[in-house]
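Trainee: entry-v3.cif (mmCIF, C-alpha atoms) pasted underneath:
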```cif
data_data
loop_
_atom_site.label_atom_id
_atom_site.label_comp_id
_atom_site.auth_asym_id
_atom_site.auth_seq_id
_atom_site.Cartn_x
_atom_site.Cartn_y
_atom_site.Cartn_z
CA MET J 767 -1.90 -42.70 34.58
CA SER J 768 -4.47 -40.31 33.18
CA THR J 769 -4.87 -36.59 33.88
CA GLY J 770 -8.00 -35.93 31.83
CA SER J 771 -8.31 -34.35 28.44
CA TYR J 772 -8.78 -30.93 26.86
CA THR J 773 -12.19 -29.61 25.81
CA ARG J 774 -13.29 -30.11 22.22
CA VAL J 775 -12.97 -26.37 21.53
CA ALA J 776 -9.46 -26.22 23.00
CA LYS J 777 -8.42 -29.18 20.83
CA GLY J 778 -10.03 -27.68 17.75
CA LEU J 779 -8.34 -24.33 18.26
CA HIS J 780 -4.99 -26.01 19.00
CA TRP J 781 -4.91 -27.96 15.74
CA LEU J 782 -6.39 -25.15 13.66
CA MET J 783 -3.69 -22.80 14.94
CA ALA J 784 -1.03 -25.48 14.40
CA ALA J 785 -2.05 -25.81 10.75
CA LEU J 786 -2.30 -22.03 10.23
CA LEU J 787 1.01 -21.25 11.94
CA ILE J 788 2.99 -23.90 10.08
CA GLY J 789 1.39 -22.79 6.80
CA MET J 790 2.09 -19.13 7.55
CA LEU J 791 5.70 -19.77 8.59
CA SER J 792 6.37 -21.67 5.36
CA LEU J 793 4.58 -19.09 3.21
CA GLY J 794 6.29 -16.17 4.99
CA PHE J 795 9.82 -17.51 4.55
CA TYR J 796 9.06 -18.55 0.94
CA MET J 797 7.48 -15.30 -0.26
CA ALA J 798 9.83 -12.83 1.45
CA ASP J 799 12.64 -13.13 -1.11
CA LEU J 800 10.58 -13.65 -4.26
CA PRO J 801 11.14 -11.15 -7.09
CA LEU J 802 8.21 -8.76 -7.55
CA SER J 803 5.37 -10.31 -9.55
CA PRO J 804 1.57 -10.41 -9.40
CA ASP J 805 1.91 -13.81 -7.69
CA LYS J 806 4.10 -12.31 -4.99
CA LEU J 807 1.60 -9.51 -4.31
CA GLN J 808 -1.18 -12.09 -4.18
CA LEU J 809 0.76 -14.25 -1.71
CA PHE J 810 1.49 -11.21 0.48
CA ALA J 811 -2.20 -10.31 0.47
CA TRP J 812 -3.17 -13.86 1.49
CA HIS J 813 -0.48 -13.94 4.17
CA LYS J 814 -1.82 -10.69 5.63
CA TRP J 815 -5.45 -11.88 5.49
CA VAL J 816 -4.63 -15.13 7.27
CA GLY J 817 -2.42 -13.19 9.72
CA VAL J 818 -5.37 -11.02 10.75
CA THR J 819 -7.44 -14.20 11.14
CA VAL J 820 -4.78 -15.78 13.38
CA PHE J 821 -4.64 -12.58 15.44
CA ALA J 822 -8.41 -12.77 16.01
CA LEU J 823 -8.34 -16.53 16.75
CA VAL J 824 -5.56 -16.26 19.31
CA TRP J 825 -7.62 -13.86 21.45
CA LEU J 826 -10.52 -16.30 21.27
CA ARG J 827 -8.16 -19.08 22.26
CA TRP J 828 -6.76 -17.05 25.12
CA VAL J 829 -10.23 -16.31 26.50
CA TRP J 830 -11.06 -20.04 26.26
CA ARG J 831 -7.80 -20.96 28.00
CA LEU J 832 -8.48 -18.52 30.87
CA THR J 833 -12.07 -19.69 31.36
CA HIS J 834 -11.46 -23.45 30.94
CA ARG J 835 -8.80 -24.94 33.17
CA PRO J 836 -6.62 -27.31 31.15
CA PRO J 837 -5.82 -30.75 32.59
CA ALA J 838 -2.94 -30.72 35.08
CA TYR J 839 0.56 -32.00 34.27
CA PRO J 840 1.22 -35.55 35.44
CA GLN J 841 2.77 -35.94 38.91
CA SER J 842 5.70 -37.71 37.30
CA MET J 843 6.90 -34.37 35.87
CA SER J 844 9.41 -32.54 38.03
CA ARG J 845 8.61 -29.04 39.30
CA THR J 846 11.27 -27.59 36.98
CA LEU J 847 9.88 -29.36 33.94
CA GLN J 848 6.35 -28.21 34.78
CA LEU J 849 7.55 -24.60 35.04
CA LEU J 850 9.44 -24.98 31.76
CA ALA J 851 6.30 -26.34 30.08
CA HIS J 852 4.20 -23.46 31.44
CA GLY J 853 6.80 -20.91 30.33
CA GLY J 854 6.95 -22.46 26.85
CA HIS J 855 3.18 -22.35 26.46
CA TRP J 856 2.92 -18.73 27.57
CA ALA J 857 5.79 -17.80 25.24
CA LEU J 858 3.86 -19.43 22.38
CA TYR J 859 0.77 -17.39 23.26
CA ALA J 860 2.86 -14.21 23.45
CA LEU J 861 4.36 -14.89 20.01
CA MET J 862 0.96 -15.67 18.50
CA ILE J 863 -0.03 -12.14 19.54
CA ALA J 864 3.26 -10.36 18.82
CA ILE J 865 3.91 -11.84 15.36
CA PRO J 866 0.66 -10.77 13.66
CA LEU J 867 0.91 -7.45 15.48
CA THR J 868 4.41 -6.74 14.12
CA GLY J 869 3.21 -7.82 10.67
CA TRP J 870 0.31 -5.39 10.87
CA LEU J 871 2.59 -2.59 12.13
CA MET J 872 5.16 -3.27 9.42
CA SER J 873 2.51 -3.19 6.71
CA SER J 874 1.28 0.17 8.03
CA ALA J 875 4.80 1.61 8.22
CA LYS J 876 5.59 0.40 4.70
CA GLY J 877 2.47 2.10 3.37
CA PHE J 878 0.57 -1.06 2.44
CA GLN J 879 -2.72 -1.02 4.26
CA THR J 880 -4.28 -4.38 5.10
CA VAL J 881 -7.73 -4.92 3.59
CA TRP J 882 -9.03 -8.16 5.13
CA TRP J 883 -10.02 -10.58 2.36
CA GLY J 884 -9.85 -7.57 0.04
CA ILE J 885 -13.05 -6.18 1.57
CA TRP J 886 -12.61 -4.84 5.11
CA PRO J 887 -9.92 -2.20 5.56
CA ILE J 888 -7.99 -2.59 8.82
CA PRO J 889 -6.83 0.76 10.21
CA ASP J 890 -3.15 1.62 9.80
CA LEU J 891 -1.53 1.74 13.23
CA LEU J 892 1.45 3.77 12.03
CA THR J 893 1.97 6.41 9.39
CA LYS J 894 4.29 5.63 6.51
CA ASP J 895 7.93 5.54 7.58
CA LYS J 896 10.42 3.53 5.51
CA GLU J 897 13.04 3.16 8.28
CA MET J 898 10.42 2.05 10.79
CA GLY J 899 8.98 -0.39 8.23
CA HIS J 900 12.40 -1.95 7.73
CA SER J 901 13.05 -2.30 11.49
CA LEU J 902 9.64 -3.88 12.03
CA GLN J 903 10.33 -6.33 9.23
CA GLU J 904 13.50 -7.46 11.05
CA VAL J 905 11.55 -7.85 14.31
CA HIS J 906 8.77 -9.80 12.51
CA GLU J 907 11.37 -12.12 11.00
CA ALA J 908 13.32 -12.61 14.25
CA LEU J 909 10.13 -13.43 16.17
CA ASN J 910 9.24 -16.02 13.53
CA TRP J 911 12.60 -17.77 13.93
CA LEU J 912 11.86 -17.85 17.66
CA LEU J 913 8.39 -19.28 16.96
CA LEU J 914 9.89 -21.96 14.73
CA LEU J 915 12.28 -22.87 17.54
CA LEU J 916 9.52 -22.99 20.15
CA ILE J 917 7.17 -25.05 17.94
CA SER J 918 9.98 -27.55 17.33
CA GLY J 919 10.65 -27.75 21.08
CA HIS J 920 6.91 -28.08 21.77
CA ALA J 921 6.53 -30.96 19.29
CA ALA J 922 9.75 -32.67 20.45
CA ALA J 923 8.58 -32.46 24.08
CA ALA J 924 5.19 -33.96 23.17
CA LEU J 925 6.88 -36.88 21.40
CA LYS J 926 9.26 -37.38 24.33
CA HIS J 927 6.27 -37.58 26.70
CA HIS J 928 4.64 -40.13 24.44
CA TRP J 929 7.55 -42.44 23.70
CA VAL J 930 9.99 -41.91 26.57
CA ASP J 931 7.86 -40.94 29.56
CA ARG J 932 4.87 -42.92 28.24
CA ASP J 933 2.32 -40.48 29.77
CA ASP J 934 -0.84 -39.06 28.14
CA ILE J 935 0.46 -35.53 27.40
CA LEU J 936 0.29 -36.10 23.64
CA THR J 937 -2.86 -38.22 23.46
CA ARG J 938 -4.97 -35.86 25.59
CA ILE J 939 -4.71 -33.11 22.92
CA LEU J 940 -5.42 -35.51 20.04
CA PRO J 941 -8.94 -35.31 18.54
CA GLN J 942 -9.87 -38.81 19.70
CA GLY J 943 -8.23 -38.41 23.13
CA LYS J 944 -10.80 -39.27 25.78
CA LYS J 945 -12.07 -36.76 28.29
CA HIS J 946 -11.83 -39.28 31.13
CA GLY J 947 -9.36 -41.88 30.03
CA MET W 608 3.17 65.74 -28.74
CA ALA W 609 1.15 63.12 -30.58
CA GLU W 610 4.04 60.70 -30.17
CA LEU W 611 4.16 61.37 -26.44
CA LYS W 612 0.41 60.76 -26.13
CA ALA W 613 0.72 57.49 -27.99
CA LEU W 614 3.59 56.44 -25.74
CA ALA W 615 1.57 57.28 -22.62
CA LEU W 616 -1.35 55.25 -23.95
CA LEU W 617 0.96 52.31 -24.65
CA ALA W 618 2.44 52.55 -21.17
CA ALA W 619 -1.06 52.54 -19.68
CA LEU W 620 -1.96 49.51 -21.76
CA VAL W 621 1.11 47.59 -20.77
CA CYS W 622 1.35 48.48 -17.09
CA GLY W 623 -1.98 49.81 -15.97
CA LEU W 624 -4.51 47.48 -17.45
CA PRO W 625 -3.60 44.04 -16.03
CA ALA W 626 -5.01 45.14 -12.67
CA ALA W 627 -8.41 45.50 -14.25
CA HIS W 628 -8.20 42.32 -16.37
CA ALA W 629 -7.56 38.73 -15.46
CA VAL W 630 -3.91 37.78 -15.66
CA GLU W 631 -2.41 35.38 -18.11
CA TYR W 632 -0.51 32.58 -16.42
CA LYS W 633 2.78 31.79 -18.09
CA THR W 634 4.88 29.79 -15.64
CA VAL W 635 4.45 27.18 -12.95
CA ALA W 636 6.12 27.23 -9.52
CA LEU W 637 7.35 23.62 -9.40
CA ASP W 638 8.04 23.68 -5.66
CA LYS W 639 4.35 24.42 -5.09
CA SER W 640 3.04 21.88 -7.58
CA LYS W 641 2.25 18.20 -7.37
CA LEU W 642 1.51 15.38 -9.75
CA THR W 643 0.12 12.37 -7.93
CA PHE W 644 -1.72 9.13 -8.69
CA ASN W 645 -3.84 6.59 -6.85
CA TYR W 646 -4.55 2.99 -7.70
CA LYS W 647 -5.82 -0.19 -6.13
CA GLN W 648 -3.71 -3.25 -5.53
CA MET W 649 -5.77 -6.25 -4.40
CA GLY W 650 -8.36 -3.87 -2.99
CA VAL W 651 -5.72 -1.81 -1.15
CA ALA W 652 -5.59 1.92 -1.95
CA MET W 653 -2.05 2.90 -2.97
CA ASP W 654 -0.66 6.30 -3.88
CA GLY W 655 2.34 7.66 -5.68
CA GLN W 656 3.73 10.70 -7.42
CA PHE W 657 6.08 11.95 -10.11
CA LYS W 658 8.82 14.18 -8.73
CA LYS W 659 10.00 15.65 -12.04
CA PHE W 660 7.70 17.19 -14.59
CA ASN W 661 7.82 20.24 -16.78
CA PRO W 662 4.56 22.10 -17.33
CA GLN W 663 4.25 24.88 -19.92
CA LEU W 664 1.22 27.07 -20.22
CA SER W 665 -0.25 30.28 -21.45
CA PHE W 666 -3.63 30.48 -19.84
CA ASP W 667 -5.84 33.51 -19.29
CA PRO W 668 -8.95 32.36 -17.44
CA ALA W 669 -10.88 35.27 -18.97
CA LYS W 670 -9.84 34.50 -22.52
CA THR W 671 -9.41 30.83 -23.24
CA ALA W 672 -9.59 30.85 -27.03
CA ASN W 673 -5.82 30.75 -27.40
CA ALA W 674 -5.05 29.07 -24.09
CA LYS W 675 -2.52 26.27 -24.21
CA ALA W 676 -1.07 23.85 -21.72
CA SER W 677 1.34 20.98 -21.90
CA ILE W 678 3.19 18.86 -19.41
CA GLU W 679 6.16 16.60 -19.85
CA ILE W 680 6.68 13.96 -17.16
CA GLU W 681 9.94 12.19 -16.40
CA LEU W 682 8.75 8.67 -15.82
CA ALA W 683 11.93 7.61 -14.00
CA SER W 684 11.11 10.13 -11.26
CA VAL W 685 8.20 7.96 -10.14
CA ASP W 686 7.56 7.19 -6.49
CA ALA W 687 5.14 4.27 -6.57
CA GLY W 688 5.14 3.62 -2.84
CA SER W 689 8.14 1.34 -2.30
CA ALA W 690 11.66 0.97 -3.71
CA GLU W 691 10.69 -2.42 -5.15
CA ALA W 692 7.69 -0.92 -6.97
CA ASP W 693 9.75 2.05 -8.25
CA ASP W 694 12.27 -0.31 -9.85
CA GLU W 695 9.54 -2.46 -11.34
CA VAL W 696 7.40 0.30 -12.79
CA VAL W 697 10.18 1.91 -14.90
CA GLY W 698 10.99 -1.52 -16.33
CA LYS W 699 10.06 -3.01 -19.68
CA SER W 700 6.60 -4.33 -18.88
CA TRP W 701 5.43 -1.05 -17.30
CA PHE W 702 6.73 2.32 -18.58
CA ASN W 703 9.77 0.94 -20.41
CA ALA W 704 11.38 4.23 -19.39
CA LYS W 705 14.69 3.48 -21.16
CA LEU W 706 12.94 3.53 -24.52
CA PHE W 707 10.14 5.96 -23.58
CA PRO W 708 11.59 8.21 -20.85
CA LYS W 709 8.80 10.78 -20.93
CA ALA W 710 5.04 10.99 -20.91
CA LEU W 711 3.56 14.00 -22.65
CA PHE W 712 0.23 15.78 -22.47
CA VAL W 713 -0.59 18.57 -24.93
CA SER W 714 -3.89 20.43 -24.82
CA THR W 715 -5.89 20.90 -28.00
CA GLN W 716 -8.73 22.93 -26.52
CA ILE W 717 -9.53 24.72 -23.26
CA LYS W 718 -13.00 26.12 -22.79
CA PRO W 719 -15.02 27.55 -19.88
CA ALA W 720 -17.24 25.05 -18.05
CA GLY W 721 -18.76 27.01 -15.17
CA ALA W 722 -17.50 29.32 -12.45
CA ASN W 723 -13.71 28.87 -12.26
CA LEU W 724 -14.04 25.59 -14.14
CA PHE W 725 -12.66 24.72 -17.56
CA GLU W 726 -12.87 21.72 -19.80
CA VAL W 727 -9.51 20.70 -21.10
CA THR W 728 -9.15 18.35 -24.06
CA GLY W 729 -5.82 17.08 -25.25
CA LYS W 730 -3.54 14.28 -26.30
CA LEU W 731 -1.73 12.09 -23.81
CA THR W 732 1.24 10.08 -25.04
CA ILE W 733 2.75 7.33 -22.92
CA LYS W 734 4.98 4.51 -24.13
CA GLY W 735 4.62 5.62 -27.75
CA GLN W 736 0.83 5.50 -27.70
CA THR W 737 -1.36 8.58 -27.94
CA ARG W 738 -4.90 8.78 -26.56
CA ASP W 739 -7.42 11.62 -26.25
CA VAL W 740 -8.20 12.76 -22.73
CA THR W 741 -10.69 15.26 -21.38
CA PHE W 742 -10.82 16.56 -17.84
CA VAL W 743 -12.14 19.42 -15.76
CA LEU W 744 -9.65 22.02 -14.57
CA LYS W 745 -10.38 24.13 -11.53
CA HIS W 746 -8.90 27.60 -11.15
CA THR W 747 -8.48 29.01 -7.64
CA PRO W 748 -6.96 32.52 -7.55
CA GLN W 749 -4.28 32.92 -4.87
CA GLY W 750 -3.19 36.57 -4.93
CA SER W 751 -1.43 37.10 -8.24
CA ASN W 752 -0.95 33.34 -8.60
CA GLY W 753 -3.53 30.74 -9.41
CA LEU W 754 -3.92 27.17 -8.28
CA LEU W 755 -4.85 24.95 -11.20
CA SER W 756 -6.09 21.57 -10.12
CA GLY W 757 -7.82 18.60 -11.63
CA GLY W 758 -7.61 14.96 -12.42
CA PHE W 759 -8.86 12.09 -14.52
CA THR W 760 -8.90 8.34 -14.58
CA LEU W 761 -6.40 6.71 -16.86
CA LYS W 762 -6.91 3.11 -17.94
CA ARG W 763 -3.43 1.63 -17.81
CA GLY W 764 -4.49 -1.01 -20.33
CA ASP W 765 -5.02 1.74 -22.96
CA PHE W 766 -1.27 2.43 -22.91
CA THR W 767 -0.14 -1.17 -22.25
CA ILE W 768 1.28 -0.04 -18.91
CA GLY W 769 1.84 -3.40 -17.22
CA GLU W 770 2.39 -6.17 -19.76
CA GLY W 771 2.85 -9.93 -19.52
CA PRO W 772 1.95 -11.23 -16.07
CA TRP W 773 0.74 -7.73 -15.06
CA ALA W 774 -1.66 -7.37 -17.99
CA LYS W 775 -4.57 -8.78 -16.00
CA PHE W 776 -6.22 -6.34 -13.63
CA ASP W 777 -6.82 -8.74 -10.72
CA VAL W 778 -3.79 -7.60 -8.73
CA VAL W 779 -3.13 -4.07 -9.99
CA ALA W 780 -6.39 -2.42 -11.11
CA ASN W 781 -6.83 -0.95 -14.60
CA ASP W 782 -8.03 2.41 -13.29
CA ILE W 783 -5.28 4.80 -12.26
CA GLN W 784 -6.53 8.11 -10.88
CA ILE W 785 -4.23 10.97 -11.90
CA ASN W 786 -4.36 14.23 -9.93
CA PHE W 787 -2.45 17.46 -10.35
CA GLN W 788 -2.09 20.72 -8.48
CA LEU W 789 -0.10 23.40 -10.25
CA THR W 790 0.67 26.83 -8.84
CA ALA W 791 0.62 29.05 -11.91
CA GLN W 792 2.26 32.47 -12.03
CA PRO W 793 1.57 35.37 -14.36
CA GLY W 794 4.15 36.05 -17.05
CA LYS W 795 5.67 39.35 -18.06
#
```
As structure tokens - that is how I would like this structure written.

Mentor:
Amino acid sequence: MSTGSYTRVAKGLHWLMAALLIGMLSLGFYMADLPLSPDKLQLFAWHKWVGVTVFALVWLRWVWRLTHRPPAYPQSMSRTLQLLAHGGHWALYALMIAIPLTGWLMSSAKGFQTVWWGIWPIPDLLTKDKEMGHSLQEVHEALNWLLLLLISGHAAAALKHHWVDRDDILTRILPQGKKHG
Amino acid sequence: MAELKALALLAALVCGLPAAHAVEYKTVALDKSKLTFNYKQMGVAMDGQFKKFNPQLSFDPAKTANAKASIEIELASVDAGSAEADDEVVGKSWFNAKLFPKALFVSTQIKPAGANLFEVTGKLTIKGQTRDVTFVLKHTPQGSNGLLSGGFTLKRGDFTIGEGPWAKFDVVANDIQINFQLTAQPGK
């Protein structure tokens, strides 16, 4: 049974974000506990630059999602499962907004302004406040654990649809997935 | 009587004349003074300060021929923006503050350079290395006190501040802008 496919742009944004988020999660957890070195500062700068990029992309993705109706869930999915899937997707969107935002706020509070690609200064949203910076760091980290959990659930669910339910949930987001299969 | 006249003249010289002449600054009010610095880290403007420093001066803006100024800075009192940076910057590859706990500036010449402006030349010693520096000092009278302010750009490479992996300037820039604001008070 086929339920149609996603638009090319939706697919492109999905996989671009997937690559960026997995890269950023790995980089973030790796760099956080490194001893201070020029390499560490460089990694932090890159992490912040890509973070700002993700923050911009997610708004674009959200606008696309709201203006282009995604294919419906297959009838074989129970009402509960459909609600769970919706909830999971909206939680992912919320985290894709909240995580870069807390990163930006924490950088401001710690007194390290973000200069996008080393050229464009992004305004500081908070004035320097060590305590606040520390709290925001904890929030940023906690939200990332939650993101890791949700991404794992998201991927596990897609594989379950493919191999157990044998529907087209996974294939319809794949680059070669047909629009009208 | 002659002795009395001489005494009166002396008293007038000591007490009466300073009102008519510019004062000579002898001390610095540390609670109203600041020693700060700015630098760039991967294009990001950072700032910091030294909390402990000991300035000494005898400076009469109207008579600079014998004017002198020096400042001793306790490098371990640095606030470089974060606890991590503070720990790093006193370490071996930066200030090596265990071996060289203080930076020292001593003036060699102070001369007028325009209205309320002076050109100060002197020797700056950091980490066992001495370099000549010249900067413009601005004098702003504040009642009987005077605000002395100025700054200059220090090249950290000139003093090997930041060795090994930090020696390149791609992450932490070579130029460090030093700024000071000292509230000077007249001496007795």

Trainee: Return as a PyMOL selection string the set of residues that the PyMOL selection byres ((chain J and resi 916) around 12) yields on the displayed structure.

Mentor: chain J and resi 787+850-851+853-862+909-915+917-923

Trainee: Write out as JSON lines the residues of chain J that have any atom within 7 Å of an atom of chain W, one row each with the nearest atom pair and its distance in Å to one decimal, counting all atoms listed in the file, sorted by chain and then rising number.

Mentor:
```
{"residue": "J:Pro804", "atom": "CA", "partner": "W:Val778", "partner_atom": "CA", "distance": 6.1}
{"residue": "J:Gln808", "atom": "CA", "partner": "W:Val778", "partner_atom": "CA", "distance": 6.9}
{"residue": "J:Gly877", "atom": "CA", "partner": "W:Gly688", "partner_atom": "CA", "distance": 6.9}
{"residue": "J:Gln879", "atom": "CA", "partner": "W:Val651", "partner_atom": "CA", "distance": 6.2}
{"residue": "J:Thr880", "atom": "CA", "partner": "W:Val651", "partner_atom": "CA", "distance": 6.9}
{"residue": "J:Val881", "atom": "CA", "partner": "W:Val651", "partner_atom": "CA", "distance": 6.0}
{"residue": "J:Gly884", "atom": "CA", "partner": "W:Gly650", "partner_atom": "CA", "distance": 5.0}
{"residue": "J:Ile885", "atom": "CA", "partner": "W:Gly650", "partner_atom": "CA", "distance": 6.9}
```

Trainee: Any idea what the distance is between atom CA of J:Ala924 and atom CA of J:Gly778?

Mentor: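 Interatomic distance, atom CA of J:Ala924 to atom CA of J:Gly778: 17.3 Å.
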
Trainee: On this structure, which residues satisfy the PyMOL selection byres ((chain J and resi 891) around 10), written as a PDB file with C-alpha atoms, keeping the file's coordinate frame?

Mentor:
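Dumped everything to part.pdb:
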```pdb
ATOM      1  CA  LEU J 867       0.910  -7.450  15.480  1.00  0.00           C
ATOM      2  CA  TRP J 870       0.310  -5.390  10.870  1.00  0.00           C
ATOM      3  CA  LEU J 871       2.590  -2.590  12.130  1.00  0.00           C
ATOM      4  CA  MET J 872       5.160  -3.270   9.420  1.00  0.00           C
ATOM      5  CA  SER J 873       2.510  -3.190   6.710  1.00  0.00           C
ATOM      6  CA  SER J 874       1.280   0.170   8.030  1.00  0.00           C
ATOM      7  CA  ALA J 875       4.800   1.610   8.220  1.00  0.00           C
ATOM      8  CA  GLN J 879      -2.720  -1.020   4.260  1.00  0.00           C
ATOM      9  CA  ILE J 888      -7.990  -2.590   8.820  1.00  0.00           C
ATOM     10  CA  PRO J 889      -6.830   0.760  10.210  1.00  0.00           C
ATOM     11  CA  ASP J 890      -3.150   1.620   9.800  1.00  0.00           C
ATOM     12  CA  LEU J 892       1.450   3.770  12.030  1.00  0.00           C
ATOM     13  CA  THR J 893       1.970   6.410   9.390  1.00  0.00           C
ATOM     14  CA  LYS J 894       4.290   5.630   6.510  1.00  0.00           C
TER      15      LYS J 894
END
```

Trainee: When you draw a straight line from atom CA of W:Gly729 to atom CA of W:Thr715, how long is it in Å?

Mentor: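 Straight-line distance from atom CA of W:Gly729 to atom CA of W:Thr715 works out to 4.7 Å.
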
Trainee: Can you tell me how far atom CA of W:Arg738 sits from atom CA of W:Thr767, in Å to one decimal?

Mentor: 11.8 Å

Trainee: Got a sec: who's within 8 Å of stretch 830-838 of chain J, counting all atoms listed in the file, leaving out chain neighbours fewer than 3 positions off, as a PDB file with C-alpha atoms, in the frame of the given file?

Mentor:
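The result, stored in around.pdb:
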```
ATOM      1  CA  THR J 769      -4.870 -36.590  33.880  1.00  0.00           C
ATOM      2  CA  GLY J 770      -8.000 -35.930  31.830  1.00  0.00           C
ATOM      3  CA  SER J 771      -8.310 -34.350  28.440  1.00  0.00           C
ATOM      4  CA  TYR J 772      -8.780 -30.930  26.860  1.00  0.00           C
ATOM      5  CA  ALA J 776      -9.460 -26.220  23.000  1.00  0.00           C
ATOM      6  CA  LEU J 826     -10.520 -16.300  21.270  1.00  0.00           C
ATOM      7  CA  ARG J 827      -8.160 -19.080  22.260  1.00  0.00           C
TER       8      ARG J 827
END
```

Trainee: Quick one: everything within 9 Å of W:Ser751, counting only C-alpha atoms, minus sequence neighbours fewer than 4 positions away in the same chain. Send it as a CSV table (one decimal) with C-alpha atoms, in the frame of the given file.

Mentor:
```
chain,number,residue,atom,x,y,z
W,630,VAL,CA,-3.9,37.8,-15.7
W,792,GLN,CA,2.3,32.5,-12.0
W,793,PRO,CA,1.6,35.4,-14.4
```

Trainee: Using the chain letters and numbers from the file, which residues does the PyMOL selection byres ((chain J and resi 790) around 10) grab, as a CSV table (one decimal) with C-alpha atoms, keeping the file's coordinate frame?

Mentor:
```
chain,number,residue,atom,x,y,z
J,784,ALA,CA,-1.0,-25.5,14.4
J,785,ALA,CA,-2.0,-25.8,10.8
J,786,LEU,CA,-2.3,-22.0,10.2
J,787,LEU,CA,1.0,-21.2,11.9
J,788,ILE,CA,3.0,-23.9,10.1
J,789,GLY,CA,1.4,-22.8,6.8
J,791,LEU,CA,5.7,-19.8,8.6
J,792,SER,CA,6.4,-21.7,5.4
J,793,LEU,CA,4.6,-19.1,3.2
J,794,GLY,CA,6.3,-16.2,5.0
J,795,PHE,CA,9.8,-17.5,4.6
J,796,TYR,CA,9.1,-18.6,0.9
J,812,TRP,CA,-3.2,-13.9,1.5
J,813,HIS,CA,-0.5,-13.9,4.2
J,814,LYS,CA,-1.8,-10.7,5.6
J,816,VAL,CA,-4.6,-15.1,7.3
J,817,GLY,CA,-2.4,-13.2,9.7
J,820,VAL,CA,-4.8,-15.8,13.4
J,910,ASN,CA,9.2,-16.0,13.5
```

Trainee: Choose the residue, out of W:Thr732, W:Ser684, W:Ser640, W:Asn781, that has the smallest atom-to-atom separation from W:Val697; count only C-alpha atoms.

Mentor: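 Going through W:Thr732, W:Ser684, W:Ser640, W:Asn781 one by one, the smallest distance to W:Val697 is for W:Ser684.
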
Trainee: Show which residues sit within 12 Å of stretch 669-673 of chain W, as a PyMOL selection string. Count only C-alpha atoms, and ignore same-chain residues fewer than 3 positions away.

Mentor: chain W and resi 625+627-632+664-666+676+714-720+722-727+746

Trainee: Which is closer to J:Pro887 than all the others in J:Gly869, J:Leu782, J:Val818, J:Leu823, using only C-alpha atoms?

Mentor: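 Checking each candidate against J:Pro887, we get J:Val818 as the closest.
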
Trainee: From the options W:Gln656, W:Ser700, W:Ser677, W:Gln784, which residue's atoms come nearest to W:Gly769, counting all atoms listed in the file?

Mentor: W:Ser700

Trainee: Tell me which of J:Val829, J:Ile865, J:Ala822, J:Met797 sits closest to J:Phe810, counting all atoms listed in the file.

Mentor: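 Closest residue, counting all atoms listed in the file: J:Met797.
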
Trainee: Give me the residues near J:Leu902 as number ranges by chain, where near means some atom within 7 Å (using all atoms listed in the file) and where sequence neighbours in that chain fewer than 3 positions away do not count.

Mentor: J: 868, 872, 898-899, 905-906
